[in-house]
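Q: Structure provided below as structure tokens; questions to follow.
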Amino acid sequence: MKQTQGNNGNKKFGMVINLDLCTGCGSCMVACMAENNVPFKEDETDKLDSITWMRVYKLKNGKSWPNADICYLPRPCMHCGGHGDHGHSPCVSVCPAVATDYSMATGIVSQIYTRCFGCRYCMAACPYHVRYFNWWDPVWPEGMERFLNPDVSVRMRGVVEKCSFCFHRYQLAMNKAFLEGRRVLEEDEYQSACTQACPAGAITFGDLNNPEHAVHQLVQPDPKHAGRPRNPKAFRLLERLETNPKVYYVSSRKWVRQSGDNYLKKEKQKI
Amino acid sequence: MSASEEQNSPEAEAPDEEEMDVETSEPIEPLKPEEGKNGAGATIFLFFILGFAASLIVGWVVFPKLLYSKKIQPINFNHALHVAEAAEGCESCHYFREDGSFSGVPTISHCIECHENVNGEDPEEKKFVREYVEAGKEVPWLIYAKQPASVFFSHAAHVITAKMECVACHGPIGESTETRIYEENRLTGYSRDIWGKNISGIKQHSWERMKMDDCADCHMQKATSEKESGVQQSLTRQLREMVSVAFPNVMEVKKGSSVQTEKDACFVCHK
């Protein structure tokens, strides 16, 4: 599509997560679940069918003491632009129901729960495991319905859900902008719940197309290579699949950067 | 086809002759069932017509009646009277909050300044004051325009940015002297105003239906008519698309942000 070449005022919301700052506390996961009415089970010990739009993974360098090192890696939806940034992300291109869609105006991959019939092709297609299936209707503990967020619709049994970059916050912020006769948001008017909840300030959120936004300055996305980071400390997960994720990670540790993709031994030296 | 014609036709007689050849006796008997068959044909045809008519009536008249339950508003509210009384017209009750959200239907705190006590003779007013104001209860108004929970709608975008009139989407509720009947879909629980009253789907006024396609059609027109000359605007969209395929450099059809539908992305109106 032509719109992607010069970005035509289109936005490309993205996230930069500094893995050196992340302590693995899990605040982002909690904030996300509360913000987005994410359902949970009475017994959450079986993590295989738990739903966590934002999930913190633990990476180890595999060495023994004193060289052992650990890194926590928070993983929201990557909102992939797909090969060449045309919006054909892995999940969007397989959905037979048009329930998941890519927006050229914001770069966000949407999921319309009422449209989804639960075939789970998208879950199979997603290389990042960001999509979750609702095996049950949500059951909220007594009284908790009253604390659900009215700006996010709740999901039913049999549909797939995933992180939306808290898109409802964009919609609400736009309301205010419209009232004030604007059509452009300030950087701090639209921030995801996890970004604001992180006590270490490890997460940065903003428009990757806007050179004034912190996310752009942190990773310096290369427009010639569909947004590959020019900052040598920054990387994206499974970069070589060319899914073009909009979530970037920054780490000063080489082994962490190397674990972002699968490399042959001789390739590893260059990372 | 008349009965006599059929009797004379070779197909009708052929079986009788064969039977006569074999059995020789009772030559007239077989004719009787033949007559009966013709009668049955006519009856079947009649039944078909009747059944067809009946199913049309059921489909177009009875089913919609059964599908929607009729409800009356808790209080019969007179808009014309109040718009004349209120200091700032519609805005005294339907206004924008500072954060850009729309107040919607007013709470009783907006009524109390004039209805602390029963002022007039009107029995509706008495009922309103006794049952709600004095009891400190909100009136459970039924919202004709209420959209499903998964839909995001922004009054600011339409009323302030696009400068649209309330009538365009709601019809002449602002001038009405009494509340009309609210019809609720028994299956989905949605208001009938969304799918419209007219079964054939023909709209005489822009407010008669507010389904997804009605929103999307107007948004599409908006996208194609921006920054273009009058001549280009007057061409229909289909024609423009044909021209743009043949001569891509002459005319570029502006597409919506959705990669899947080329209309507005789902997350413009969904949450």
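Order determines the names: the first chain of the structure tokens is A, the second B, and so forth; residues in each chain are numbered 1 upward, and ligands are numbered 1 upward as they are shown.
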Would you mind listing, as an NGL selection string, all residues of chain B that have at least one atom within 10 Å of chain A, where only C-alpha atoms are what counts?

A: :B and (96-102 or 148-162 or 252 or 254-271)

Q: Based on the selection just made, write N, CA and C atoms of those residues as a short mmCIF file (atom, residue, chain, number, x, y, z; two decimals), in the first residue's frame.

A:
```
data_model
loop_
_atom_site.label_atom_id
_atom_site.label_comp_id
_atom_site.auth_asym_id
_atom_site.auth_seq_id
_atom_site.Cartn_x
_atom_site.Cartn_y
_atom_site.Cartn_z
N PHE B 96 -20.60 18.12 26.95
CA PHE B 96 -19.32 17.43 26.98
C PHE B 96 -18.62 17.71 28.29
N ARG B 97 -18.04 16.66 28.85
CA ARG B 97 -17.23 16.88 30.05
C ARG B 97 -15.85 17.35 29.60
N GLU B 98 -15.06 17.79 30.59
CA GLU B 98 -13.76 18.37 30.25
C GLU B 98 -12.82 17.38 29.56
N ASP B 99 -12.99 16.10 29.87
CA ASP B 99 -12.10 15.11 29.26
C ASP B 99 -12.57 14.65 27.88
N GLY B 100 -13.59 15.34 27.33
CA GLY B 100 -14.03 15.01 25.98
C GLY B 100 -15.13 13.97 25.93
N SER B 101 -15.45 13.36 27.07
CA SER B 101 -16.54 12.38 27.05
C SER B 101 -17.88 13.10 27.06
N PHE B 102 -18.90 12.40 26.61
CA PHE B 102 -20.23 13.00 26.45
C PHE B 102 -21.09 12.58 27.63
N PRO B 148 -23.85 -2.09 20.91
CA PRO B 148 -23.30 -3.23 21.66
C PRO B 148 -22.05 -2.83 22.46
N ALA B 149 -21.74 -3.62 23.47
CA ALA B 149 -20.64 -3.27 24.37
C ALA B 149 -19.30 -3.20 23.66
N SER B 150 -19.17 -3.85 22.51
CA SER B 150 -17.87 -3.87 21.84
C SER B 150 -17.68 -2.65 20.93
N VAL B 151 -18.66 -1.76 20.88
CA VAL B 151 -18.56 -0.60 19.98
C VAL B 151 -18.11 0.64 20.74
N PHE B 152 -17.15 1.35 20.15
CA PHE B 152 -16.74 2.63 20.71
C PHE B 152 -17.33 3.73 19.85
N PHE B 153 -18.00 4.68 20.49
CA PHE B 153 -18.54 5.80 19.74
C PHE B 153 -18.08 7.09 20.39
N SER B 154 -17.78 8.08 19.56
CA SER B 154 -17.28 9.35 20.09
C SER B 154 -18.21 10.47 19.64
N HIS B 155 -18.90 11.10 20.58
CA HIS B 155 -19.73 12.24 20.19
C HIS B 155 -18.86 13.43 19.79
N ALA B 156 -17.72 13.58 20.47
CA ALA B 156 -16.86 14.73 20.19
C ALA B 156 -16.42 14.73 18.72
N ALA B 157 -16.06 13.55 18.19
CA ALA B 157 -15.59 13.48 16.81
C ALA B 157 -16.67 13.96 15.85
N HIS B 158 -17.91 13.62 16.12
CA HIS B 158 -18.99 13.96 15.18
C HIS B 158 -19.57 15.34 15.43
N VAL B 159 -19.86 15.64 16.69
CA VAL B 159 -20.57 16.89 16.99
C VAL B 159 -19.61 18.08 16.93
N ILE B 160 -18.39 17.91 17.42
CA ILE B 160 -17.46 19.04 17.45
C ILE B 160 -16.59 19.08 16.19
N THR B 161 -15.87 17.99 15.92
CA THR B 161 -14.95 18.02 14.78
C THR B 161 -15.70 18.02 13.45
N ALA B 162 -16.69 17.12 13.30
CA ALA B 162 -17.39 17.04 12.01
C ALA B 162 -18.62 17.95 11.98
N GLU B 252 -6.05 8.49 -7.61
CA GLU B 252 -5.78 7.50 -6.58
C GLU B 252 -6.94 7.50 -5.61
N LYS B 254 -8.55 7.07 -2.24
CA LYS B 254 -8.04 7.06 -0.88
C LYS B 254 -8.66 5.89 -0.14
N LYS B 255 -7.81 5.08 0.48
CA LYS B 255 -8.33 3.90 1.15
C LYS B 255 -8.36 4.11 2.65
N GLY B 256 -9.22 3.35 3.30
CA GLY B 256 -9.27 3.40 4.75
C GLY B 256 -8.03 2.74 5.34
N SER B 257 -7.87 2.83 6.65
CA SER B 257 -6.64 2.37 7.28
C SER B 257 -6.57 0.86 7.45
N SER B 258 -7.71 0.15 7.26
CA SER B 258 -7.70 -1.28 7.50
C SER B 258 -7.03 -2.03 6.36
N VAL B 259 -6.10 -2.95 6.72
CA VAL B 259 -5.44 -3.75 5.70
C VAL B 259 -6.40 -4.78 5.12
N GLN B 260 -7.30 -5.27 5.95
CA GLN B 260 -8.21 -6.34 5.53
C GLN B 260 -9.35 -5.82 4.67
N THR B 261 -9.97 -4.71 5.04
CA THR B 261 -11.19 -4.27 4.37
C THR B 261 -10.99 -3.01 3.53
N GLU B 262 -9.88 -2.34 3.71
CA GLU B 262 -9.62 -1.05 3.06
C GLU B 262 -10.65 0.01 3.44
N LYS B 263 -11.44 -0.27 4.47
CA LYS B 263 -12.28 0.77 5.05
C LYS B 263 -11.55 1.25 6.31
N ASP B 264 -12.30 1.85 7.25
CA ASP B 264 -11.66 2.21 8.50
C ASP B 264 -11.26 0.94 9.26
N ALA B 265 -10.13 1.00 9.94
CA ALA B 265 -9.70 -0.15 10.73
C ALA B 265 -10.72 -0.43 11.81
N CYS B 266 -10.81 -1.72 12.19
CA CYS B 266 -11.82 -2.13 13.17
C CYS B 266 -11.70 -1.35 14.48
N PHE B 267 -10.47 -1.04 14.87
CA PHE B 267 -10.27 -0.38 16.15
C PHE B 267 -10.66 1.10 16.13
N VAL B 268 -11.16 1.61 15.03
CA VAL B 268 -11.69 2.97 15.07
C VAL B 268 -13.01 2.96 15.86
N CYS B 269 -13.83 1.97 15.61
CA CYS B 269 -15.17 1.93 16.23
C CYS B 269 -15.34 0.80 17.23
N HIS B 270 -14.34 -0.02 17.42
CA HIS B 270 -14.50 -1.12 18.37
C HIS B 270 -13.52 -0.99 19.51
N LYS B 271 -13.85 -1.63 20.63
CA LYS B 271 -12.96 -1.53 21.78
C LYS B 271 -12.82 -2.88 22.45
#
```

Q: Among stretch 101-167 of chain A, which ones does DSSP assign to strand (DSSP E or B) (computed from the backbone)? Answer as an MDAnalysis selection string.

A: chainID A and resid 101:103 109:111 132:133 160:161

Q: In Å, how far is it from atom CA of B:Ser103 to atom CA of B:Lys146?

A: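 The value is 13.9 Å.
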
Q: Taking only stretch 24-269 of chain A into account, list the residues labelled helix (DSSP H, G or I) by DSSP (computed from the backbone), as a PyMOL selection string.

A: chain A and resi 27-35+47-49+83-85+90-94+121-125+144-147+167-179+187-189+193-197+214-219+223-225+239-241+254-258+265-268

Q: For B:Glu138, work out the shell of residues within 12 Å, counting only C-alpha atoms and skipping chain neighbours fewer than 2 positions away, then give it as a ChimeraX atom specification.

A: /B:74-75,105-112,128-129,131-136,140-141

Q: Pick out the residues sitting within 8 Å of B:Glu178, and hand them over as an MDAnalysis selection string; count only C-alpha atoms, and ignore anything fewer than 4 positions along from it in its own chain.

A: chainID B and resid 76:79

Q: May I have a table of the residues of stretch 68-96 of chain A lying at most 12 Å from stretch 235-241 of chain A, giving each one's closest pair of atoms and their distance in Å to one decimal, counting only C-alpha atoms, ordered by chain and ascending residue number, as a tab-separated table?

A:
```
residue	atom	partner	partner_atom	distance
A:Leu73	CA	A:Leu237	CA	10.7
A:Pro74	CA	A:Leu237	CA	11.6
A:Arg75	CA	A:Leu237	CA	9.7
A:Pro76	CA	A:Leu237	CA	11.6
A:Cys77	CA	A:Leu237	CA	11.4
A:Met78	CA	A:Leu237	CA	8.8
A:His79	CA	A:Arg236	CA	11.9
A:Cys80	CA	A:Arg236	CA	10.7
A:Gly81	CA	A:Leu241	CA	11.8
A:Gly82	CA	A:Leu241	CA	9.1
A:His83	CA	A:Leu241	CA	8.4
A:Gly84	CA	A:Leu241	CA	11.5
A:Ser89	CA	A:Leu241	CA	10.9
A:Pro90	CA	A:Leu241	CA	10.1
```

Q: Using only C-alpha atoms, can you tell me which of A:Ile17, A:Met29, A:Val160, A:Met54 comes closest to A:Cys91?

A: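 Between A:Ile17, A:Met29, A:Val160, A:Met54, the residue approaching A:Cys91 most closely is A:Val160.
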
Q: Let me make sure I understand: among A:Pro232, A:Gly9, A:Pro39, A:Gly14, which one has the smallest atom-to-atom distance to A:Pro138 if we use only C-alpha atoms?

A: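 Looking only at the distances to A:Pro138, the closest residue turns out to be A:Pro39.
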
Q: Determine the nearest neighbour of A:Ala202 from the options A:Glu145, A:Glu35, A:Asp20, A:Asp49, counting only C-alpha atoms.

A: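 Nearest candidate to A:Ala202 out of A:Glu145, A:Glu35, A:Asp20, A:Asp49: A:Asp20.
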
Q: A:Ser259: which residues within 9 Å, counting only C-alpha atoms, same-chain residues fewer than 5 positions away excluded, as a JSON list (two decimals) with N, CA and C atoms, in the first residue's frame?

A:
```
[["chain", "number", "residue", "atom", "x", "y", "z"],
["A", 59, "LEU", "N", 14.96, -15.35, 31.48],
["A", 59, "LEU", "CA", 16.03, -15.90, 30.64],
["A", 59, "LEU", "C", 17.24, -16.17, 31.52],
["A", 61, "ASN", "N", 21.52, -17.36, 31.35],
["A", 61, "ASN", "CA", 22.61, -17.50, 30.40],
["A", 61, "ASN", "C", 23.19, -18.91, 30.39],
["A", 237, "LEU", "N", 12.66, -9.34, 18.80],
["A", 237, "LEU", "CA", 12.60, -10.79, 18.90],
["A", 237, "LEU", "C", 12.42, -11.40, 17.51],
["A", 254, "LYS", "N", 25.46, -8.82, 26.05],
["A", 254, "LYS", "CA", 25.51, -9.47, 24.75],
["A", 254, "LYS", "C", 24.67, -10.74, 24.71]]
```

Q: To one decimal place in Å, what is the distance between atom CA of A:Ser50 and atom CA of A:Tyr132?

A: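 So the two atoms, atom CA of A:Ser50 and atom CA of A:Tyr132, lie 7.9 Å apart.
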